[in-house]
file upload_24.csv (CSV, C-alpha atoms)
chain,number,residue,atom,x,y,z
A,152,MET,CA,0.0,0.0,0.0
A,153,ASN,CA,1.6,3.3,-1.1
A,154,ILE,CA,1.3,6.9,0.0
A,155,ALA,CA,-1.2,7.7,-2.8
A,156,THR,CA,-3.5,4.9,-1.7
A,157,LEU,CA,-3.3,6.0,1.9
A,158,ALA,CA,-4.1,9.6,0.9
A,159,THR,CA,-7.1,8.4,-1.1
A,160,ILE,CA,-8.3,6.4,1.9
A,161,PHE,CA,-7.8,9.4,4.2
A,162,ALA,CA,-9.7,11.6,1.8
A,163,ALA,CA,-12.5,9.0,1.6
A,164,GLY,CA,-12.7,9.0,5.4
A,165,PHE,CA,-13.0,12.8,5.4
A,166,VAL,CA,-15.7,12.9,2.7
A,167,ILE,CA,-17.7,10.0,4.1
A,168,MET,CA,-18.3,12.0,7.3
A,169,THR,CA,-19.9,15.0,5.5
A,170,PRO,CA,-23.5,13.9,5.1
A,171,VAL,CA,-25.6,15.3,7.9
A,172,GLY,CA,-27.6,12.6,9.6
A,173,PRO,CA,-28.6,11.7,13.2
A,174,VAL,CA,-25.0,11.0,14.3
A,175,SER,CA,-23.8,14.3,12.8
A,176,THR,CA,-26.5,16.3,14.5
A,177,ILE,CA,-25.6,14.7,17.9
A,178,CYS,CA,-22.0,15.5,17.4
A,179,ILE,CA,-22.8,19.1,16.4
A,180,ARG,CA,-25.2,19.5,19.3
A,181,ARG,CA,-22.6,18.2,21.8
A,182,ALA,CA,-20.0,20.6,20.4
A,183,LEU,CA,-22.4,23.6,20.7
A,184,ILE,CA,-23.6,22.8,24.3
A,185,TYR,CA,-20.5,21.2,25.9
A,186,GLY,CA,-17.7,22.7,23.8
A,187,ARG,CA,-14.9,21.6,21.4
A,188,ARG,CA,-13.6,18.6,23.4
A,189,ALA,CA,-17.1,17.0,23.7
A,190,GLY,CA,-17.8,17.5,20.0
A,191,ILE,CA,-14.5,16.1,18.9
A,192,ILE,CA,-14.8,13.0,21.2
A,193,ALA,CA,-18.4,12.4,20.0
A,194,GLY,CA,-17.1,12.8,16.4
A,195,ALA,CA,-14.4,10.3,17.1
A,196,GLY,CA,-17.0,7.7,18.1
A,197,ASP,CA,-18.6,8.2,14.7
A,198,ALA,CA,-15.2,7.9,12.9
A,199,VAL,CA,-14.3,4.7,14.8
A,200,ALA,CA,-17.6,3.1,13.8
A,201,VAL,CA,-17.3,4.2,10.1
A,202,ALA,CA,-13.7,3.0,10.0
A,203,ALA,CA,-14.7,-0.4,11.4
A,204,TYR,CA,-17.5,-0.8,8.8
A,205,ALA,CA,-15.3,0.4,6.0
A,206,THR,CA,-12.6,-2.1,6.9
A,207,ILE,CA,-15.2,-4.9,7.1
A,208,GLY,CA,-16.6,-3.7,3.7
A,209,VAL,CA,-13.3,-3.6,1.9
A,210,ALA,CA,-12.2,-6.9,3.4
A,211,SER,CA,-15.4,-8.8,2.7
A,212,GLY,CA,-16.5,-7.5,-0.7
A,213,THR,CA,-20.0,-8.8,-0.9
A,214,LEU,CA,-19.8,-11.8,1.5
A,215,LEU,CA,-20.8,-10.0,4.7
A,216,PRO,CA,-23.5,-7.8,3.2
A,217,ARG,CA,-25.3,-11.0,2.0
A,218,MET,CA,-24.9,-12.4,5.6
A,219,PHE,CA,-26.5,-9.3,7.1
A,220,ALA,CA,-29.4,-9.1,4.7
A,221,PRO,CA,-31.8,-11.4,6.6
A,222,PHE,CA,-31.4,-9.3,9.8
A,223,ALA,CA,-31.8,-5.9,8.1
A,224,THR,CA,-35.3,-5.4,9.5
A,225,LEU,CA,-34.2,-6.1,13.0
A,226,TRP,CA,-31.3,-3.7,12.7
A,227,HIS,CA,-33.5,-1.0,11.3
A,228,LEU,CA,-36.1,-1.4,14.0
A,229,GLY,CA,-33.5,-1.2,16.7
A,230,ALA,CA,-31.9,1.8,15.2
A,231,THR,CA,-35.3,3.5,14.8
A,232,ALA,CA,-36.1,2.9,18.5
A,233,VAL,CA,-32.8,4.4,19.6
A,234,LEU,CA,-33.2,7.4,17.2
A,235,ILE,CA,-36.8,8.0,18.5
A,236,ILE,CA,-35.5,8.0,22.1
A,237,VAL,CA,-32.7,10.4,21.3
A,238,ALA,CA,-35.1,12.7,19.4
A,239,ILE,CA,-37.5,12.9,22.3
A,240,LEU,CA,-34.6,13.8,24.6
A,241,PHE,CA,-33.5,16.5,22.2
A,242,TRP,CA,-37.0,17.8,21.8
A,243,ARG,CA,-37.5,18.2,25.6
A,244,ALA,CA,-34.0,19.7,26.3
A,245,ARG,CA,-33.6,23.3,27.3
A,246,PRO,CA,-30.0,24.0,26.6
A,247,ALA,CA,-28.2,26.7,28.4
A,248,LEU,CA,-26.3,29.2,26.3
A,249,PRO,CA,-24.1,31.1,25.8
A,250,ALA,CA,-21.9,29.6,28.6
A,251,ILE,CA,-20.5,26.2,27.8
A,252,ALA,CA,-22.1,23.6,30.0
A,253,ALA,CA,-19.7,21.6,32.2
A,254,GLN,CA,-18.9,18.2,30.9
A,255,THR,CA,-17.5,15.4,33.1
A,256,ARG,CA,-15.3,12.5,31.9
A,257,ALA,CA,-18.3,10.2,32.2
A,258,GLY,CA,-20.3,12.6,29.9
A,259,LEU,CA,-17.5,12.5,27.4
A,260,VAL,CA,-17.5,8.7,27.4
A,261,ARG,CA,-21.3,8.7,27.0
A,262,GLY,CA,-21.0,11.0,24.0
A,263,PHE,CA,-18.4,8.8,22.4
A,264,GLY,CA,-20.4,5.7,23.2
A,265,MET,CA,-23.7,7.2,22.0
A,266,THR,CA,-22.4,8.2,18.6
A,267,LEU,CA,-20.5,4.9,18.2
A,268,ALA,CA,-23.6,2.8,19.0
A,269,ILE,CA,-25.9,4.8,16.7
A,270,ALA,CA,-23.3,4.7,13.8
A,271,LEU,CA,-22.9,0.9,14.4
A,272,ALA,CA,-26.6,0.4,14.2
A,273,ASN,CA,-26.4,0.9,10.4
A,274,PRO,CA,-24.6,-2.1,9.0
A,275,ALA,CA,-25.9,-1.2,5.5
A,276,ASP,CA,-22.8,1.1,5.4
A,277,ILE,CA,-20.7,-2.1,4.8
A,278,VAL,CA,-22.3,-2.4,1.4
A,279,LEU,CA,-21.6,1.2,0.6
A,280,PHE,CA,-18.0,0.9,1.6
A,281,ALA,CA,-17.5,-2.4,-0.3
A,282,ALA,CA,-18.8,-0.7,-3.4
A,283,LEU,CA,-16.9,2.5,-2.9
A,284,PHE,CA,-13.5,1.0,-2.3
A,285,THR,CA,-14.0,-1.6,-5.0
A,286,GLY,CA,-14.8,1.2,-7.4
A,287,LEU,CA,-11.6,3.0,-6.3
A,288,GLY,CA,-9.6,-0.1,-6.9
A,289,ILE,CA,-8.4,-0.4,-3.3
A,290,VAL,CA,-7.5,-4.0,-2.3
A,291,VAL,CA,-6.6,-4.9,1.2
A,292,GLN,CA,-5.2,-8.3,1.8
A,293,THR,CA,-2.6,-8.5,4.6
A,294,PRO,CA,-3.2,-7.7,8.3
A,295,LEU,CA,-0.8,-4.8,8.0
A,296,GLN,CA,-2.8,-3.4,5.1
A,297,HIS,CA,-6.0,-3.8,7.1
A,298,ALA,CA,-4.5,-1.9,10.0
A,299,LEU,CA,-3.2,0.9,7.7
A,300,PHE,CA,-6.6,1.1,6.0
A,301,TYR,CA,-8.4,1.4,9.3
A,302,ALA,CA,-6.0,4.0,10.6
A,303,ALA,CA,-6.2,6.1,7.4
A,304,ILE,CA,-10.0,6.1,7.2
A,305,CYS,CA,-10.3,6.8,10.9
A,306,ALA,CA,-7.8,9.6,10.7
A,307,GLY,CA,-9.7,11.1,7.8
A,308,GLY,CA,-13.0,10.9,9.7
A,309,CYS,CA,-11.4,12.4,12.8
A,310,ALA,CA,-9.8,15.2,10.8
A,311,TYR,CA,-13.3,16.1,9.4
A,312,TRP,CA,-14.7,16.3,13.0
A,313,VAL,CA,-11.8,18.4,14.2
A,314,ALA,CA,-12.2,20.9,11.3
A,315,LEU,CA,-16.0,21.0,11.7
A,316,ILE,CA,-15.9,21.4,15.5
A,317,LEU,CA,-13.3,24.2,15.3
A,318,PHE,CA,-15.6,26.0,12.8
A,319,LEU,CA,-18.6,25.5,15.1
A,320,ASP,CA,-16.6,26.8,18.0
A,321,ARG,CA,-16.2,30.1,16.2
A,322,TRP,CA,-19.8,30.1,14.9
A,323,ARG,CA,-21.2,29.4,18.4
A,324,ALA,CA,-20.5,33.0,19.6
A,325,GLY,CA,-23.7,34.1,17.7
A,326,LEU,CA,-26.0,31.5,19.1
A,327,THR,CA,-28.7,32.4,21.6
A,328,SER,CA,-30.7,30.0,23.8
A,329,ALA,CA,-33.7,30.5,21.5
A,330,ARG,CA,-31.7,29.6,18.4
A,331,MET,CA,-30.3,26.6,20.2
A,332,HIS,CA,-33.8,25.5,21.2
A,333,LEU,CA,-34.7,25.6,17.5
A,334,LEU,CA,-31.6,23.6,16.6
A,335,ASN,CA,-32.7,20.9,19.1
A,336,ARG,CA,-36.1,20.8,17.5
A,337,ALA,CA,-34.5,20.4,14.0
A,338,CYS,CA,-32.3,17.5,15.3

call {"tool": "encode", "arguments": {"input": "upload_24.csv", "output": "structure tokens"}}
result
Amino acid sequence: MNIATLATIFAAGFVIMTPVGPVSTICIRRALIYGRRAGIIAGAGDAVAVAAYATIGVASGTLLPRMFAPFATLWHLGATAVLIIVAILFWRARPALPAIAAQTRAGLVRGFGMTLAIALANPADIVLFAALFTGLGIVVQTPLQHALFYAAICAGGCAYWVALILFLDRWRAGLTSARMHLLNRAC
């Protein structure tokens, strides 16, 4: 695996994080309420899950997606239940701004775990990654290549979250409690 391939994988990890979905809104919300560190750690949970599924996808081609197909409905029902619970909690929340709320170590771990669990609740991503990296011509065969692939895509995802959270940190200065309440409702 050469530097150009690793750069492509890193870039793919960065780009894969850009769609805004439930996990992204959670990470953004945590950054706005609890500050940079909480947002970056929550984003790292998403990056770890995405990197794991990407590694499985590139390693398995189409084998694992076919194995998961019979359980797709169960996965989707479970993920839907979790998202509904999170949505209700967001809807009822009354965030305190402009001061950054205190965040404990346990809260940081919860943020990481929450985004990791929700991102892992979507095994359909394995199919996406298998197709994406097959289309890019990336082949991973040895354990060292798997480790490098995982590290590169995870680093790309983490780089995205660091960049976004630093931007949000600067943007946050213009937020009011009323705007934050509307953002919760939008999530």

call {"tool": "closest_residue", "arguments": {"input": "upload_24.csv", "among": "A:Cys178, A:Ala314, A:Cys305, A:Leu295", "to": "A:Arg261", "atoms": "all atoms listed in the file"}}
result
A:Cys178

call {"tool": "atom_distance", "arguments": {"input": "upload_24.csv", "atom1": "atom CA of A:Gly208", "atom2": "atom CA of A:Leu283"}}
result
9.1 Å

call {"tool": "residues_around", "arguments": {"input": "upload_24.csv", "residues": "A:Arg181", "least_positions_apart": "3", "cutoff": "8 Å", "atoms": "only C-alpha atoms", "output": "list in words"}}
result
Ile177, Cys178, Ile184, Tyr185, Gly186, Ala189, Gly190, Ala193 and Gly262 of chain A

call {"tool": "closest_residue", "arguments": {"input": "upload_24.csv", "among": "A:Asn273, A:Gln254, A:Thr159, A:Gln296", "to": "A:Ala182", "atoms": "all atoms listed in the file"}}
result
A:Gln254

call {"tool": "closest_residue", "arguments": {"input": "upload_24.csv", "among": "A:Gly172, A:Ala282, A:Thr231, A:Ala310", "to": "A:Ala198", "atoms": "all atoms listed in the file"}}
result
A:Ala310

call {"tool": "residues_around", "arguments": {"input": "upload_24.csv", "residues": "stretch 265-271 of chain A", "least_positions_apart": "2", "cutoff": "10 Å", "atoms": "all atoms listed in the file", "output": "PyMOL selection string"}}
result
chain A and resi 172-178+192-201+203-204+226+229-231+233-234+237+259-263+273-276

call {"tool": "decode", "arguments": {"input": "upload_24.csv", "residues": "stretch 280-329 of chain A", "atoms": "N, CA and C atoms", "output": "short mmCIF file (atom, residue, chain, number, x, y, z; two decimals), in the first residue's frame"}}
result
data_model
loop_
_atom_site.label_atom_id
_atom_site.label_comp_id
_atom_site.auth_asym_id
_atom_site.auth_seq_id
_atom_site.Cartn_x
_atom_site.Cartn_y
_atom_site.Cartn_z
N PHE A 280 -19.42 0.87 1.59
CA PHE A 280 -17.97 0.89 1.59
C PHE A 280 -17.38 -0.17 0.68
N ALA A 281 -18.00 -1.33 0.64
CA ALA A 281 -17.52 -2.38 -0.26
C ALA A 281 -17.56 -1.88 -1.70
N ALA A 282 -18.67 -1.24 -2.07
CA ALA A 282 -18.80 -0.71 -3.43
C ALA A 282 -17.85 0.45 -3.68
N LEU A 283 -17.74 1.35 -2.72
CA LEU A 283 -16.89 2.53 -2.88
C LEU A 283 -15.43 2.14 -3.10
N PHE A 284 -14.91 1.31 -2.22
CA PHE A 284 -13.49 1.00 -2.31
C PHE A 284 -13.18 0.01 -3.43
N THR A 285 -14.15 -0.80 -3.81
CA THR A 285 -13.96 -1.64 -4.99
C THR A 285 -13.90 -0.75 -6.22
N GLY A 286 -14.77 0.25 -6.28
CA GLY A 286 -14.76 1.20 -7.39
C GLY A 286 -13.48 2.01 -7.47
N LEU A 287 -12.89 2.29 -6.31
CA LEU A 287 -11.62 3.03 -6.29
C LEU A 287 -10.42 2.12 -6.56
N GLY A 288 -10.68 0.83 -6.63
CA GLY A 288 -9.61 -0.12 -6.91
C GLY A 288 -8.71 -0.40 -5.73
N ILE A 289 -9.22 -0.16 -4.52
CA ILE A 289 -8.42 -0.39 -3.31
C ILE A 289 -8.62 -1.83 -2.85
N VAL A 290 -7.52 -2.56 -2.77
CA VAL A 290 -7.55 -3.95 -2.35
C VAL A 290 -6.72 -4.07 -1.08
N VAL A 291 -7.30 -4.68 -0.06
CA VAL A 291 -6.64 -4.86 1.22
C VAL A 291 -6.57 -6.35 1.49
N GLN A 292 -5.34 -6.87 1.67
CA GLN A 292 -5.20 -8.32 1.83
C GLN A 292 -4.50 -8.73 3.11
N THR A 293 -3.42 -8.08 3.47
CA THR A 293 -2.64 -8.51 4.63
C THR A 293 -3.13 -7.82 5.91
N PRO A 294 -2.83 -8.38 7.06
CA PRO A 294 -3.21 -7.72 8.32
C PRO A 294 -2.63 -6.30 8.45
N LEU A 295 -1.41 -6.10 7.98
CA LEU A 295 -0.82 -4.77 8.02
C LEU A 295 -1.61 -3.80 7.14
N GLN A 296 -2.02 -4.24 5.96
CA GLN A 296 -2.83 -3.38 5.08
C GLN A 296 -4.18 -3.06 5.72
N HIS A 297 -4.78 -4.04 6.41
CA HIS A 297 -6.04 -3.79 7.11
C HIS A 297 -5.83 -2.72 8.19
N ALA A 298 -4.74 -2.84 8.94
CA ALA A 298 -4.47 -1.87 10.00
C ALA A 298 -4.23 -0.47 9.42
N LEU A 299 -3.46 -0.40 8.34
CA LEU A 299 -3.21 0.89 7.69
C LEU A 299 -4.49 1.48 7.12
N PHE A 300 -5.31 0.63 6.51
CA PHE A 300 -6.59 1.09 5.96
C PHE A 300 -7.46 1.67 7.06
N TYR A 301 -7.60 0.93 8.17
CA TYR A 301 -8.42 1.38 9.30
C TYR A 301 -7.89 2.70 9.84
N ALA A 302 -6.57 2.78 10.05
CA ALA A 302 -5.97 4.00 10.60
C ALA A 302 -6.17 5.19 9.66
N ALA A 303 -6.02 4.98 8.36
CA ALA A 303 -6.16 6.08 7.41
C ALA A 303 -7.60 6.58 7.33
N ILE A 304 -8.55 5.67 7.29
CA ILE A 304 -9.95 6.13 7.17
C ILE A 304 -10.43 6.73 8.48
N CYS A 305 -9.98 6.20 9.60
CA CYS A 305 -10.34 6.77 10.91
C CYS A 305 -9.71 8.15 11.07
N ALA A 306 -8.46 8.30 10.65
CA ALA A 306 -7.79 9.60 10.71
C ALA A 306 -8.50 10.63 9.84
N GLY A 307 -8.94 10.21 8.66
CA GLY A 307 -9.69 11.12 7.79
C GLY A 307 -10.99 11.56 8.42
N GLY A 308 -11.71 10.61 9.05
CA GLY A 308 -12.95 10.94 9.74
C GLY A 308 -12.73 11.87 10.92
N CYS A 309 -11.69 11.59 11.70
CA CYS A 309 -11.38 12.45 12.84
C CYS A 309 -10.95 13.84 12.38
N ALA A 310 -10.21 13.92 11.29
CA ALA A 310 -9.81 15.23 10.76
C ALA A 310 -11.04 16.05 10.36
N TYR A 311 -12.03 15.39 9.78
CA TYR A 311 -13.28 16.08 9.43
C TYR A 311 -13.92 16.66 10.69
N TRP A 312 -14.02 15.83 11.74
CA TRP A 312 -14.69 16.29 12.95
C TRP A 312 -13.92 17.41 13.63
N VAL A 313 -12.61 17.34 13.65
CA VAL A 313 -11.81 18.41 14.25
C VAL A 313 -12.05 19.71 13.48
N ALA A 314 -12.01 19.65 12.15
CA ALA A 314 -12.22 20.85 11.34
C ALA A 314 -13.62 21.42 11.56
N LEU A 315 -14.63 20.57 11.55
CA LEU A 315 -16.01 21.04 11.73
C LEU A 315 -16.21 21.63 13.12
N ILE A 316 -15.70 20.97 14.13
CA ILE A 316 -15.90 21.44 15.50
C ILE A 316 -15.17 22.77 15.73
N LEU A 317 -13.99 22.93 15.15
CA LEU A 317 -13.30 24.21 15.29
C LEU A 317 -14.09 25.33 14.61
N PHE A 318 -14.69 25.03 13.45
CA PHE A 318 -15.56 26.00 12.78
C PHE A 318 -16.77 26.32 13.67
N LEU A 319 -17.40 25.30 14.22
CA LEU A 319 -18.57 25.50 15.07
C LEU A 319 -18.24 26.31 16.32
N ASP A 320 -17.05 26.11 16.83
CA ASP A 320 -16.64 26.84 18.02
C ASP A 320 -16.63 28.34 17.75
N ARG A 321 -16.19 28.72 16.58
CA ARG A 321 -16.18 30.14 16.21
C ARG A 321 -17.60 30.63 15.90
N TRP A 322 -18.41 29.77 15.29
CA TRP A 322 -19.78 30.12 14.91
C TRP A 322 -20.68 30.24 16.13
N ARG A 323 -20.37 29.50 17.17
CA ARG A 323 -21.18 29.42 18.38
C ARG A 323 -21.39 30.76 19.06
N ALA A 324 -20.46 31.67 18.88
CA ALA A 324 -20.55 32.97 19.55
C ALA A 324 -21.85 33.71 19.22
N GLY A 325 -22.43 33.46 18.04
CA GLY A 325 -23.66 34.14 17.66
C GLY A 325 -24.93 33.42 18.07
N LEU A 326 -24.80 32.29 18.73
CA LEU A 326 -25.99 31.54 19.12
C LEU A 326 -26.62 32.09 20.40
N THR A 327 -27.93 32.03 20.44
CA THR A 327 -28.67 32.38 21.64
C THR A 327 -29.40 31.12 22.11
N SER A 328 -29.96 31.17 23.30
CA SER A 328 -30.71 30.03 23.82
C SER A 328 -31.91 29.71 22.92
N ALA A 329 -32.57 30.74 22.41
CA ALA A 329 -33.72 30.52 21.54
C ALA A 329 -33.31 29.81 20.25
#
